[in-house]
>>> print(open('query-v5.cif').read())   # mmCIF, C-alpha atoms
data_entry
#
loop_
_atom_site.label_atom_id
_atom_site.label_comp_id
_atom_site.auth_asym_id
_atom_site.auth_seq_id
_atom_site.Cartn_x
_atom_site.Cartn_y
_atom_site.Cartn_z
CA MET A 287 -10.16 -37.46 -47.79
CA LEU A 288 -9.12 -38.24 -44.21
CA VAL A 289 -8.69 -41.97 -43.42
CA VAL A 290 -8.26 -43.34 -39.88
CA ASP A 291 -7.29 -47.01 -39.75
CA PRO A 292 -4.55 -48.79 -37.73
CA ASP A 293 -4.06 -51.34 -40.55
CA VAL A 294 -1.25 -50.11 -42.78
CA ARG A 295 -2.49 -52.29 -45.66
CA ILE A 296 -5.91 -50.58 -45.62
CA ARG A 297 -4.27 -47.14 -45.48
CA GLU A 298 -2.04 -47.93 -48.46
CA GLN A 299 -4.94 -49.40 -50.41
CA LEU A 300 -7.16 -46.34 -49.86
CA GLU A 301 -4.29 -44.00 -50.72
CA GLN A 302 -3.86 -45.85 -54.01
CA LEU A 303 -7.60 -45.90 -54.77
CA GLY A 304 -7.76 -42.19 -54.03
CA HIS A 305 -4.80 -41.47 -56.28
CA GLU A 306 -6.51 -43.30 -59.15
CA ARG A 307 -9.53 -41.02 -58.69
CA LEU A 308 -7.50 -37.80 -58.41
CA LEU A 309 -8.23 -37.47 -54.68
CA VAL A 310 -5.78 -36.48 -51.98
CA VAL A 311 -6.01 -39.13 -49.24
CA ILE A 312 -4.48 -38.42 -45.84
CA ALA A 313 -4.25 -41.83 -44.15
CA VAL A 314 -3.27 -42.05 -40.48
CA ALA A 315 -3.28 -44.77 -37.84
CA THR A 316 -4.88 -43.03 -34.86
CA PRO A 317 -7.72 -40.59 -34.11
CA ALA A 318 -5.22 -38.25 -32.44
CA GLU A 319 -3.19 -37.92 -35.66
CA ALA A 320 -6.39 -37.39 -37.64
CA LEU A 321 -7.65 -34.64 -35.34
CA ALA A 322 -4.27 -32.90 -35.48
CA PHE A 323 -4.51 -32.79 -39.27
CA ALA A 324 -8.20 -31.79 -39.28
CA ARG A 325 -7.45 -28.73 -37.14
CA THR A 326 -4.87 -27.43 -39.61
CA GLY A 327 -5.74 -28.91 -43.02
CA ARG A 328 -8.73 -29.12 -45.33
CA VAL A 329 -11.03 -32.13 -44.85
CA ASP A 330 -13.85 -32.82 -47.31
CA ALA A 331 -14.82 -36.25 -45.95
CA ALA A 332 -13.57 -38.89 -43.49
CA ILE A 333 -13.40 -42.69 -43.44
CA ILE A 334 -13.07 -44.27 -39.99
CA ASP A 335 -12.28 -47.84 -39.00
CA GLY A 336 -15.26 -49.05 -36.99
CA ALA A 337 -13.05 -51.61 -35.19
CA LEU A 338 -11.70 -48.70 -33.12
CA GLY A 339 -14.95 -49.03 -31.17
CA ALA A 340 -15.58 -46.28 -28.65
CA ALA A 341 -12.52 -44.41 -29.94
CA ALA A 342 -14.14 -44.26 -33.42
CA LEU A 343 -17.34 -42.80 -32.01
CA ALA A 344 -15.42 -40.28 -29.91
CA PHE A 345 -13.34 -39.27 -32.93
CA ALA A 346 -16.46 -38.75 -35.05
CA HIS A 347 -17.87 -36.48 -32.34
CA ASP A 348 -14.59 -34.55 -31.93
CA LEU A 349 -14.18 -34.14 -35.70
CA ARG A 350 -17.59 -32.53 -36.06
CA ALA A 351 -16.86 -30.28 -33.10
CA ILE A 352 -14.16 -28.53 -35.18
CA ARG A 353 -15.36 -25.26 -36.66
CA GLY A 354 -16.30 -25.71 -40.31
CA LEU A 355 -16.59 -29.50 -40.05
CA GLU A 356 -19.97 -29.67 -38.31
CA ARG A 357 -21.50 -31.55 -41.25
CA VAL A 358 -18.43 -33.19 -42.79
CA PRO A 359 -19.54 -36.48 -44.44
CA MET A 360 -18.21 -39.65 -42.77
CA ALA A 361 -18.12 -43.36 -43.59
CA PHE A 362 -17.30 -46.27 -41.28
CA LEU A 363 -15.21 -49.26 -42.35
CA SER A 364 -15.83 -52.69 -40.84
CA ASP A 365 -15.17 -56.34 -41.55
CA ARG A 366 -18.32 -57.12 -39.60
CA GLY A 367 -21.71 -56.32 -41.09
CA GLU A 368 -23.94 -57.06 -38.12
CA VAL A 369 -26.73 -54.70 -37.17
CA GLU A 370 -24.94 -53.46 -34.03
CA SER A 371 -21.98 -52.12 -36.06
CA ARG A 372 -24.28 -50.37 -38.50
CA VAL A 373 -26.34 -48.83 -35.71
CA ALA A 374 -23.17 -47.53 -34.02
CA ALA A 375 -22.01 -45.99 -37.31
CA ALA A 376 -25.41 -44.35 -37.86
CA HIS A 377 -25.41 -42.88 -34.34
CA ALA A 378 -21.93 -41.47 -34.96
CA GLY A 379 -23.33 -39.58 -37.96
CA ALA A 380 -21.87 -41.76 -40.70
CA ALA A 381 -23.52 -41.39 -44.09
CA LEU A 382 -22.16 -44.74 -45.33
CA PHE A 383 -21.05 -48.11 -43.99
CA LEU A 384 -18.31 -49.79 -46.07
CA PRO A 385 -17.37 -53.46 -45.67
CA LYS A 386 -13.78 -54.69 -45.56
CA PRO A 387 -11.97 -55.62 -47.72
CA VAL A 388 -12.57 -52.42 -49.69
CA GLU A 389 -13.62 -53.03 -53.27
CA ALA A 390 -12.48 -50.48 -55.86
CA TYR A 391 -15.84 -49.80 -57.53
CA GLY A 392 -17.69 -49.59 -54.22
CA PHE A 393 -15.05 -47.22 -52.87
CA GLY A 394 -15.42 -44.92 -55.87
CA ALA A 395 -19.21 -44.82 -55.61
CA ALA A 396 -19.03 -44.18 -51.86
CA ILE A 397 -16.56 -41.35 -52.25
CA GLU A 398 -18.69 -39.61 -54.86
CA GLN A 399 -21.74 -39.86 -52.59
CA MET A 400 -19.84 -38.44 -49.63
CA LEU A 401 -18.38 -35.57 -51.63
CA ALA A 402 -21.83 -34.82 -53.06
CA LEU A 403 -23.18 -34.50 -49.51
CA GLY A 404 -20.32 -32.21 -48.55
CA ARG A 405 -20.48 -29.81 -51.51
CA GLU A 406 -21.35 -26.24 -50.61
CA GLU A 407 -24.24 -26.28 -53.03
CA SER A 408 -27.12 -23.93 -52.29
CA MET A 409 -30.35 -25.91 -52.14
CA ARG A 410 -33.60 -24.10 -52.89
CA VAL A 411 -36.87 -24.46 -50.98
CA LEU A 412 -40.21 -23.04 -52.14
CA VAL A 413 -42.68 -22.27 -49.33
CA VAL A 414 -46.31 -21.84 -50.40
CA ASP A 415 -48.40 -20.60 -47.45
CA ASP A 416 -51.04 -17.88 -47.18
CA ASP A 417 -49.66 -16.75 -43.80
CA PRO A 418 -46.71 -14.42 -44.55
CA GLU A 419 -45.53 -14.46 -40.93
CA PHE A 420 -45.37 -18.24 -40.91
CA ALA A 421 -43.47 -18.28 -44.23
CA ALA A 422 -41.02 -15.72 -42.81
CA CYS A 423 -40.48 -17.95 -39.75
CA VAL A 424 -39.69 -20.94 -42.00
CA ALA A 425 -37.16 -18.83 -43.90
CA ALA A 426 -35.60 -17.70 -40.61
CA VAL A 427 -35.10 -21.34 -39.60
CA LEU A 428 -33.67 -22.59 -42.91
CA GLU A 429 -31.64 -19.72 -44.39
CA PRO A 430 -28.95 -19.58 -41.65
CA HIS A 431 -28.09 -23.15 -42.71
CA GLY A 432 -27.38 -22.22 -46.32
CA ILE A 433 -30.82 -23.13 -47.67
CA ALA A 434 -32.28 -20.53 -50.04
CA VAL A 435 -35.98 -19.90 -49.41
CA ARG A 436 -38.56 -18.38 -51.75
CA THR A 437 -42.12 -17.78 -50.50
CA ALA A 438 -45.52 -17.45 -52.19
CA LEU A 439 -48.94 -16.76 -50.66
CA ASP A 440 -50.92 -19.03 -52.98
CA ALA A 441 -50.55 -21.68 -55.69
CA THR A 442 -52.43 -19.92 -58.49
CA HIS A 443 -49.19 -19.38 -60.41
CA LEU A 444 -47.51 -22.59 -59.24
CA ILE A 445 -46.24 -23.69 -62.67
CA GLU A 446 -44.56 -20.34 -63.31
CA LEU A 447 -43.12 -20.33 -59.77
CA LEU A 448 -41.61 -23.78 -60.19
CA ALA A 449 -39.99 -22.80 -63.49
CA GLU A 450 -38.55 -19.63 -61.97
CA VAL A 451 -37.37 -20.98 -58.59
CA GLN A 452 -36.33 -24.51 -59.67
CA PRO A 453 -36.84 -25.76 -56.09
CA ASP A 454 -35.17 -28.81 -54.60
CA LEU A 455 -38.02 -29.14 -52.10
CA VAL A 456 -41.50 -27.63 -51.66
CA LEU A 457 -43.21 -26.85 -48.35
CA LEU A 458 -46.91 -26.64 -49.13
CA ASP A 459 -49.79 -25.54 -46.91
CA ALA A 460 -52.99 -27.56 -47.17
CA MET A 461 -55.51 -24.72 -46.79
CA LEU A 462 -54.62 -22.37 -49.63
CA PRO A 463 -57.03 -19.97 -51.33
CA GLN A 464 -58.29 -20.82 -54.85
CA VAL A 465 -55.96 -23.80 -55.46
CA SER A 466 -55.77 -26.11 -52.44
CA GLY A 467 -52.59 -27.77 -51.27
CA TRP A 468 -53.92 -31.18 -52.31
CA ASP A 469 -54.59 -29.92 -55.85
CA ALA A 470 -51.17 -28.23 -55.98
CA ILE A 471 -49.52 -31.58 -55.18
CA ARG A 472 -51.52 -33.29 -57.94
CA ILE A 473 -50.44 -30.61 -60.41
CA MET A 474 -46.77 -31.17 -59.56
CA ARG A 475 -46.98 -34.95 -59.68
CA ALA A 476 -48.58 -34.76 -63.14
CA MET A 477 -45.56 -32.85 -64.52
CA PRO A 478 -42.52 -35.06 -65.33
CA GLU A 479 -39.99 -32.39 -64.39
CA TRP A 480 -41.47 -32.01 -60.86
CA ARG A 481 -42.57 -35.57 -60.22
CA ASP A 482 -39.57 -36.40 -58.03
CA VAL A 483 -39.22 -33.14 -56.09
CA PRO A 484 -39.87 -33.77 -52.36
CA ILE A 485 -43.05 -32.16 -51.01
CA LEU A 486 -43.59 -31.58 -47.29
CA PHE A 487 -47.27 -30.98 -46.51
CA LEU A 488 -48.12 -28.41 -43.83
CA THR A 489 -51.45 -28.30 -42.02
CA ALA A 490 -53.01 -27.43 -38.69
CA ARG A 491 -55.34 -30.40 -39.10
CA GLY A 492 -53.88 -33.48 -37.47
CA ASP A 493 -56.67 -35.96 -38.13
CA LEU A 494 -55.95 -39.28 -39.82
CA GLU A 495 -58.13 -38.49 -42.84
CA SER A 496 -56.12 -35.34 -43.65
CA ARG A 497 -52.82 -37.19 -43.36
CA ILE A 498 -54.01 -40.00 -45.64
CA ALA A 499 -55.32 -37.47 -48.17
CA ALA A 500 -51.91 -35.75 -48.25
CA PHE A 501 -50.07 -39.00 -48.95
CA ASP A 502 -52.69 -40.08 -51.51
CA ALA A 503 -52.15 -36.81 -53.38
CA GLY A 504 -48.40 -37.48 -53.54
CA ALA A 505 -46.82 -35.75 -50.53
CA ASP A 506 -43.56 -37.19 -49.20
CA ASP A 507 -43.96 -36.09 -45.61
CA TYR A 508 -46.46 -34.45 -43.30
CA LEU A 509 -45.80 -31.69 -40.75
CA ALA A 510 -48.42 -30.48 -38.29
CA LYS A 511 -48.61 -26.81 -37.33
CA PRO A 512 -47.34 -25.24 -35.16
CA LEU A 513 -43.91 -26.44 -36.25
CA VAL A 514 -40.98 -27.20 -34.00
CA PRO A 515 -37.97 -25.44 -35.65
CA GLU A 516 -35.55 -28.31 -34.94
CA GLU A 517 -37.95 -30.85 -36.45
CA LEU A 518 -38.53 -28.69 -39.52
CA LEU A 519 -34.79 -28.27 -40.13
CA SER A 520 -34.10 -31.97 -39.59
CA ARG A 521 -36.82 -33.17 -41.96
CA VAL A 522 -35.89 -30.64 -44.65
CA ARG A 523 -32.19 -31.53 -44.40
CA VAL A 524 -32.87 -35.27 -44.71
CA ARG A 525 -34.97 -34.74 -47.83
CA LEU A 526 -32.46 -32.33 -49.38
CA ASP A 527 -29.56 -34.73 -48.74
CA ARG A 528 -31.49 -37.51 -50.50
CA ARG A 529 -32.34 -35.13 -53.33
CA ARG A 530 -28.65 -34.21 -53.67
CA LEU A 531 -27.58 -37.85 -53.75
CA LEU A 532 -30.27 -38.74 -56.29
CA ARG A 533 -29.18 -35.86 -58.49
CA GLU A 534 -25.55 -36.91 -58.20
CA THR A 535 -26.41 -40.48 -59.18
CA THR A 536 -28.73 -39.69 -62.08
CA GLU A 537 -27.32 -36.43 -63.43
CA ARG A 538 -23.56 -37.04 -63.28
CA ASP A 539 -21.40 -39.13 -65.56
CA PRO A 540 -19.71 -41.57 -63.16
CA LEU A 541 -16.28 -41.40 -64.83
CA THR A 542 -15.81 -37.68 -65.48
CA ARG A 543 -18.25 -36.23 -62.90
CA CYS A 544 -19.53 -33.86 -65.57
CA MET A 545 -23.26 -33.74 -66.22
CA SER A 546 -24.74 -36.70 -68.04
CA ARG A 547 -26.13 -36.10 -71.53
CA GLY A 548 -29.78 -36.14 -70.45
CA ALA A 549 -29.22 -33.76 -67.54
CA LEU A 550 -27.13 -31.50 -69.77
CA LEU A 551 -29.88 -31.28 -72.41
CA ASP A 552 -32.45 -30.35 -69.75
CA ALA A 553 -30.15 -27.68 -68.29
CA LEU A 554 -29.33 -26.31 -71.76
CA ALA A 555 -33.03 -26.00 -72.60
CA SER A 556 -33.58 -24.08 -69.35
CA ARG A 557 -30.61 -21.74 -69.92
CA LEU A 558 -31.66 -21.12 -73.51
CA SER A 559 -35.20 -20.31 -72.40
CA GLU A 560 -33.75 -17.76 -69.95
CA ALA A 561 -31.60 -16.25 -72.69
CA ARG A 562 -34.65 -15.86 -74.96
CA ARG A 563 -36.77 -14.38 -72.17
CA HIS A 564 -34.19 -11.75 -71.21
CA SER A 565 -32.72 -11.18 -74.71
CA ARG A 566 -29.29 -12.39 -73.64
CA THR A 567 -26.64 -14.37 -75.45
CA LEU A 568 -25.52 -17.93 -74.74
CA SER A 569 -22.46 -19.66 -76.18
CA LEU A 570 -21.97 -23.40 -76.52
CA ALA A 571 -18.71 -25.29 -77.08
CA MET A 572 -18.36 -28.87 -78.24
CA LEU A 573 -14.92 -30.36 -77.66
CA ASP A 574 -13.35 -33.70 -78.52
CA VAL A 575 -10.11 -35.30 -77.30
CA ASP A 576 -7.63 -35.44 -80.18
CA ARG A 577 -6.55 -38.90 -81.41
CA PHE A 578 -8.18 -40.58 -78.44
CA LYS A 579 -8.31 -43.94 -80.20
CA ARG A 580 -4.51 -43.87 -80.40
CA VAL A 581 -4.34 -43.38 -76.62
CA ASN A 582 -6.54 -46.45 -76.06
CA ASP A 583 -4.64 -48.51 -78.63
CA ALA A 584 -1.19 -47.54 -77.37
CA TYR A 585 -1.74 -47.48 -73.61
CA GLY A 586 -4.97 -49.37 -72.96
CA HIS A 587 -8.51 -48.42 -71.99
CA VAL A 588 -7.68 -47.98 -68.29
CA VAL A 589 -5.24 -45.21 -69.17
CA GLY A 590 -7.76 -43.81 -71.66
CA ASP A 591 -10.37 -43.66 -68.90
CA HIS A 592 -7.86 -41.84 -66.71
CA VAL A 593 -7.42 -39.21 -69.45
CA LEU A 594 -11.20 -38.69 -69.66
CA MET A 595 -11.51 -38.60 -65.88
CA ARG A 596 -8.78 -36.00 -65.59
CA LEU A 597 -10.24 -33.88 -68.39
CA GLY A 598 -13.66 -34.02 -66.74
CA ARG A 599 -12.24 -32.91 -63.38
CA PHE A 600 -10.16 -30.27 -65.16
CA LEU A 601 -13.24 -28.81 -66.87
CA THR A 602 -15.14 -28.88 -63.58
CA ALA A 603 -12.39 -26.89 -61.87
CA ARG A 604 -12.28 -24.25 -64.62
CA PHE A 605 -14.88 -21.71 -65.78
CA ARG A 606 -17.61 -20.06 -63.71
CA LEU A 607 -20.09 -21.79 -61.41
CA GLU A 608 -22.98 -20.94 -63.75
CA ASP A 609 -21.29 -22.52 -66.80
CA LEU A 610 -22.53 -26.01 -67.71
CA ARG A 611 -20.12 -28.90 -68.31
CA GLY A 612 -21.39 -32.19 -69.66
CA ARG A 613 -20.10 -35.38 -71.22
CA TRP A 614 -21.78 -35.68 -74.60
CA GLY A 615 -20.55 -39.22 -75.20
CA GLY A 616 -17.26 -41.08 -75.64
CA GLU A 617 -14.50 -38.48 -75.63
CA GLU A 618 -16.82 -35.55 -76.48
CA PHE A 619 -17.81 -32.84 -73.99
CA VAL A 620 -20.14 -29.83 -74.16
CA ILE A 621 -19.72 -26.58 -72.24
CA ALA A 622 -22.30 -23.78 -72.16
CA PHE A 623 -21.48 -20.17 -71.26
CA PRO A 624 -24.60 -18.15 -70.29
CA ASN A 625 -24.43 -14.41 -71.01
CA GLU A 626 -21.11 -14.71 -72.86
CA PRO A 627 -20.50 -14.07 -76.59
CA ALA A 628 -18.75 -16.72 -78.66
CA GLU A 629 -15.56 -14.67 -78.93
CA THR A 630 -15.14 -14.50 -75.14
CA ALA A 631 -15.88 -18.22 -74.79
CA ALA A 632 -13.26 -18.95 -77.45
CA VAL A 633 -10.55 -16.98 -75.61
CA VAL A 634 -11.33 -18.72 -72.31
CA LEU A 635 -11.44 -22.17 -73.91
CA SER A 636 -8.18 -21.55 -75.76
CA ARG A 637 -6.44 -20.85 -72.45
CA VAL A 638 -7.88 -24.05 -71.00
CA LEU A 639 -6.68 -25.98 -74.07
CA GLU A 640 -3.17 -24.63 -73.60
CA GLU A 641 -3.20 -25.50 -69.89
CA PHE A 642 -4.59 -28.99 -70.45
CA GLY A 643 -2.08 -29.66 -73.23
CA ASP A 644 0.74 -29.15 -70.70
CA LEU A 645 -0.59 -31.78 -68.28
CA PRO A 646 1.64 -34.88 -68.22
CA PHE A 647 0.08 -38.35 -68.50
CA HIS A 648 1.82 -41.68 -67.92
CA SER A 649 1.12 -45.16 -69.20
CA GLU A 650 1.12 -48.14 -66.84
CA ARG A 651 4.74 -48.70 -67.94
CA GLY A 652 5.67 -45.12 -67.04
CA GLU A 653 5.74 -43.73 -70.62
CA LEU A 654 5.13 -39.98 -70.71
CA PHE A 655 2.58 -38.56 -73.15
CA PHE A 656 0.43 -35.45 -73.62
CA VAL A 657 -3.13 -34.94 -74.85
CA SER A 658 -4.94 -32.07 -76.54
CA PHE A 659 -8.50 -31.39 -77.63
CA SER A 660 -10.27 -29.57 -80.43
CA ALA A 661 -13.40 -27.45 -80.04
CA GLY A 662 -16.10 -25.66 -82.00
CA ILE A 663 -18.24 -22.83 -80.61
CA SER A 664 -21.73 -21.64 -81.53
CA SER A 665 -23.91 -18.94 -79.96
CA PHE A 666 -27.50 -17.85 -79.51
CA PRO A 667 -29.07 -16.10 -81.31
CA ALA A 668 -26.55 -15.92 -84.18
CA ASP A 669 -26.42 -19.68 -84.83
CA GLY A 670 -30.01 -20.60 -84.02
CA SER A 671 -32.67 -20.49 -81.34
CA THR A 672 -32.84 -24.16 -80.33
CA VAL A 673 -30.49 -26.51 -78.52
CA ASP A 674 -30.33 -28.76 -81.59
CA ALA A 675 -29.33 -25.84 -83.84
CA LEU A 676 -26.56 -24.74 -81.45
CA ILE A 677 -25.24 -28.31 -81.10
CA ARG A 678 -25.17 -28.76 -84.89
CA ALA A 679 -23.34 -25.46 -85.42
CA ALA A 680 -20.77 -26.24 -82.72
CA ASP A 681 -20.29 -29.75 -84.14
CA ARG A 682 -19.61 -28.35 -87.64
CA ARG A 683 -16.93 -26.07 -86.22
CA LEU A 684 -15.45 -28.92 -84.19
CA TYR A 685 -15.17 -30.87 -87.45
CA SER A 686 -13.43 -27.86 -88.97
CA ALA A 687 -11.01 -27.71 -86.01
CA LYS A 688 -10.15 -31.39 -86.49
CA HIS A 689 -9.42 -30.88 -90.16
CA SER A 690 -7.33 -27.75 -89.62
CA GLY A 691 -4.67 -29.53 -87.57
CA ARG A 692 -6.40 -30.31 -84.25
CA ALA A 693 -5.68 -28.60 -80.89
CA HIS A 694 -7.74 -25.65 -82.15
CA VAL A 695 -10.81 -23.73 -81.08
CA VAL A 696 -12.99 -22.65 -84.00
CA VAL A 697 -15.56 -19.88 -83.62
CA GLY A 698 -17.48 -18.74 -86.69
CA ASP A 699 -15.11 -19.06 -89.64
CA ALA A 700 -12.02 -18.25 -87.58
CA VAL A 701 -9.56 -20.42 -85.64
CA ALA A 702 -9.06 -19.00 -82.13
CA SER A 703 -5.91 -20.99 -81.34
#
>>> encode(input="query-v5.cif", output="C-alpha cells")
Amino acid sequence: MLVVDPDVRIREQLEQLGHERLLVVIAVATPAEALAFARTGRVDAAIIDGALGAAALAFAHDLRAIRGLERVPMAFLSDRGEVESRVAAAHAGAALFLPKPVEAYGFGAAIEQMLALGREESMRVLVVDDDPEFAACVAAVLEPHGIAVRTALDATHLIELLAEVQPDLVLLDAMLPQVSGWDAIRIMRAMPEWRDVPILFLTARGDLESRIAAFDAGADDYLAKPLVPEELLSRVRVRLDRRRLLRETTERDPLTRCMSRGALLDALASRLSEARRHSRTLSLAMLDVDRFKRVNDAYGHVVGDHVLMRLGRFLTARFRLEDLRGRWGGEEFVIAFPNEPAETAAVVLSRVLEEFGDLPFHSERGELFFVSFSAGISSFPADGSTVDALIRAADRRLYSAKHSGRAHVVVGDAVAS
C-alpha cells in the first residue's frame, strides 16, 4: 500500500493501521518519492492526500502511466468533503474518497475494497448472440484485458450454460431464435443463483419501447448495435468491478478474508457436483485453533482476533488457487481440495500446521506465544456424497484430533501428524 501525504501524523497512523491488518504500507511525503518507489517496488494500491491539489492529480496520472500499474486502485484522502474535491478525485481515477481523520474501521473496509479491485482475478463473460462474427468481435475486445469470454449462438440451453460457465456478466442479444433475449432475462431473474448477475442487453433496435422492455425484463444496461469497442469495454468493466466488490462484501469474512460460511457452502456444492459428474475425488478438511479460549482469556479478544486474521491470511496464501478456504464460524475453518485424495490433503495440511505453529505472536504487553490447530479430513466418495456427510465426517475426525493431543491432522483412523 503506497501512501502519499505530507502530514507525518497521517503517515504514521496509516502505517500502524496497515500493520494491524498485515499490510505493508510505504508512506512518503511527496509524489516524487512515491513515483521513485513505484518504479522499483510492488504497488497493489495507493492512497493520496487530496490537499496536494494539482500535484495529486498529476501523481495519479503518472502512477498509472507506469507499466503494470495502469489500473492500480487509488483512494484520495481529504479533510474537506465538498463536491468539488470528490469530483476531482473521481476524475483522477480514484475508486474511493476517504475523509480525514482516518477512522480504523473505515480504513480497513476501504483497503479491502481497493485490494479486491486490484486482484488479478479472471472474470467470466457469457455472450449469447446468433451472429458468430459479432460474438468473436466481442471476445476480441474483452479478452486482451484479462476477461474470459464464452459464446453461445442461442439460449435454448441457457440453464446448463450458466452452470458450466459461472459467468460474472452476461451479454445477451434481443433477437435470438427459439428463446428470445427478453425470455432469457426472465429465466435468469427467476433463478436465485443468477438473480444478481449483471445482464447487458444487445439489440439493433433503438426505439424507446425496446429499451423499456429490456429494463422491464430485468436487464441492467442496454447497448445498441453496432457497438463501439471502447464503450463496450468501459461498460463491461464498470459492471465487473461492481460485481467484484459485491462478491468481496457478501462472500468474504471481514476478519479473516476467507470465504463466508454461506459462500463456502455454495462453492462446496458446486465442486462436489463437478466431482460427481466427472467421477473425481474431493477432500475436505475442518480445522480448529487449539485452546483458542485460553488465548482470548490470557491476552484479550483483540489479540485473539489478530490470531484468526493471521491464520486466515496464512491459509489464503497457501494451497492452490482452486482450493476453497472458508471460515466455518468462531475459530473453525474449512478447506476443500478438488481432485485430491485425503492422504495428499493430509500431508499438505500437516506441513501448513508445522509452519503455522512456528509463527510468533505477541500480546499487547509484548509476551511471546505460539498457536497450533487441529484438523480432520474427509473425502468424496469414501465418506459420503453430500456436503453435509463430508462435513460430519471431517468434524468427527477433528474431534478425534482434539482428543489425541491436539496439533494433529486426522485422516480416516490415522493421525497424519
>>> resolve_selection(input="query-v5.cif", expression="the PyMOL selection byres ((chain A and resi 452-457) around 10)", output="PyMOL selection string")
chain A and resi 408-415+421+424+433-437+446-451+458-460+467+471+479-480+482-488+505+507-509+522-523+525-526+529-530
>>> resolve_selection(input="query-v5.cif", expression="the PyMOL selection byres ((chain A and resi 304-318) around 6)", output="PyMOL selection string")
chain A and resi 287-292+297+300-303+319-321+345
>>> closest_residue(input="query-v5.cif", among="A:Arg472, A:Asp365, A:Leu401, A:Arg606", to="Leu384 in chain A", atoms="only C-alpha atoms")
A:Asp365
>>> resolve_selection(input="query-v5.cif", expression="the PyMOL selection byres ((chain A and resi 660) around 7)", output="VMD selection string")
chain A and resid 573 to 576 659 661 684 687 to 688 692 to 695
>>> closest_residue(input="query-v5.cif", among="A:Ala675, A:Ala324, A:Leu519, A:Val657", to="His431 in chain A", atoms="all atoms listed in the file")
A:Leu519
>>> closest_residue(input="query-v5.cif", among="A:Ser649, A:Ser569, A:Thr542, A:Ser520", to="Asp583 in chain A", atoms="all atoms listed in the file")
A:Ser649
>>> residues_around(input="query-v5.cif", residues="Met572 in chain A", least_positions_apart="6", cutoff="8 Å", atoms="all atoms listed in the file", output="PyMOL selection string")
chain A and resi 618-621+661-663+677+680-681+684
>>> atom_distance(input="query-v5.cif", atom1="CA of Arg580 in chain A", atom2="CA of Gly616 in chain A")
13.9 Å
>>> atom_distance(input="query-v5.cif", atom1="CA of Asp527 in chain A", atom2="CA of Cys423 in chain A")
21.9 Å
>>> axis_aligned_box(input="query-v5.cif", around="range 629-643 of chain A", padding_each_side="5 Å", output="lines of an AutoDock Vina configuration file")
center_x = -9.0
center_y = -22.1
center_z = -74.4
size_x = 23.8
size_y = 25.2
size_z = 19.0
>>> residues_around(input="query-v5.cif", residues="Arg491 in chain A", least_positions_apart="3", cutoff="9 Å", atoms="only C-alpha atoms", output="count of residues only")
7
>>> closest_residue(input="query-v5.cif", among="A:Asp330, A:Asp644, A:Asp539, A:Glu560", to="Met595 in chain A", atoms="only C-alpha atoms")
A:Asp539
>>> atom_distance(input="query-v5.cif", atom1="CA of Met474 in chain A", atom2="CA of Glu516 in chain A")
27.2 Å
>>> residues_near_point(input="query-v5.cif", point="(-4.9, -24.9, -69.8)", cutoff="12 Å", atoms="all atoms listed in the file", output="ChimeraX atom specification")
/A:597,600-601,603-605,633-645,657-659,693
>>> residues_around(input="query-v5.cif", residues="Leu610 in chain A", least_positions_apart="2", cutoff="8 Å", atoms="only C-alpha atoms", output="list in words")
Met545, Leu550, Ala553, Leu554, Leu607, Glu608, Gly612, Val620, Ile621, Ala622 and Phe623 of chain A
>>> decode(input="query-v5.cif", residues="range 450-466 of chain A", atoms="C-alpha atoms", output="mmCIF file, in the first residue's frame")
data_model
loop_
_atom_site.group_PDB
_atom_site.id
_atom_site.type_symbol
_atom_site.label_atom_id
_atom_site.label_comp_id
_atom_site.auth_asym_id
_atom_site.auth_seq_id
_atom_site.Cartn_x
_atom_site.Cartn_y
_atom_site.Cartn_z
ATOM 1 C CA GLU A 450 -20.987 -24.624 -16.677
ATOM 2 C CA VAL A 451 -19.576 -21.129 -17.301
ATOM 3 C CA GLN A 452 -20.477 -19.497 -13.954
ATOM 4 C CA PRO A 453 -20.418 -16.048 -15.603
ATOM 5 C CA ASP A 454 -19.842 -12.783 -13.782
ATOM 6 C CA LEU A 455 -21.719 -10.929 -16.532
ATOM 7 C CA VAL A 456 -23.955 -11.881 -19.476
ATOM 8 C CA LEU A 457 -24.142 -10.079 -22.827
ATOM 9 C CA LEU A 458 -27.468 -11.084 -24.339
ATOM 10 C CA ASP A 459 -28.847 -10.398 -27.814
ATOM 11 C CA ALA A 460 -32.526 -9.496 -28.018
ATOM 12 C CA MET A 461 -33.391 -11.302 -31.260
ATOM 13 C CA LEU A 462 -32.447 -14.908 -30.545
ATOM 14 C CA PRO A 463 -34.004 -17.962 -32.209
ATOM 15 C CA GLN A 464 -36.454 -20.101 -30.184
ATOM 16 C CA VAL A 465 -35.871 -18.391 -26.802
ATOM 17 C CA SER A 466 -35.818 -14.598 -27.121
#
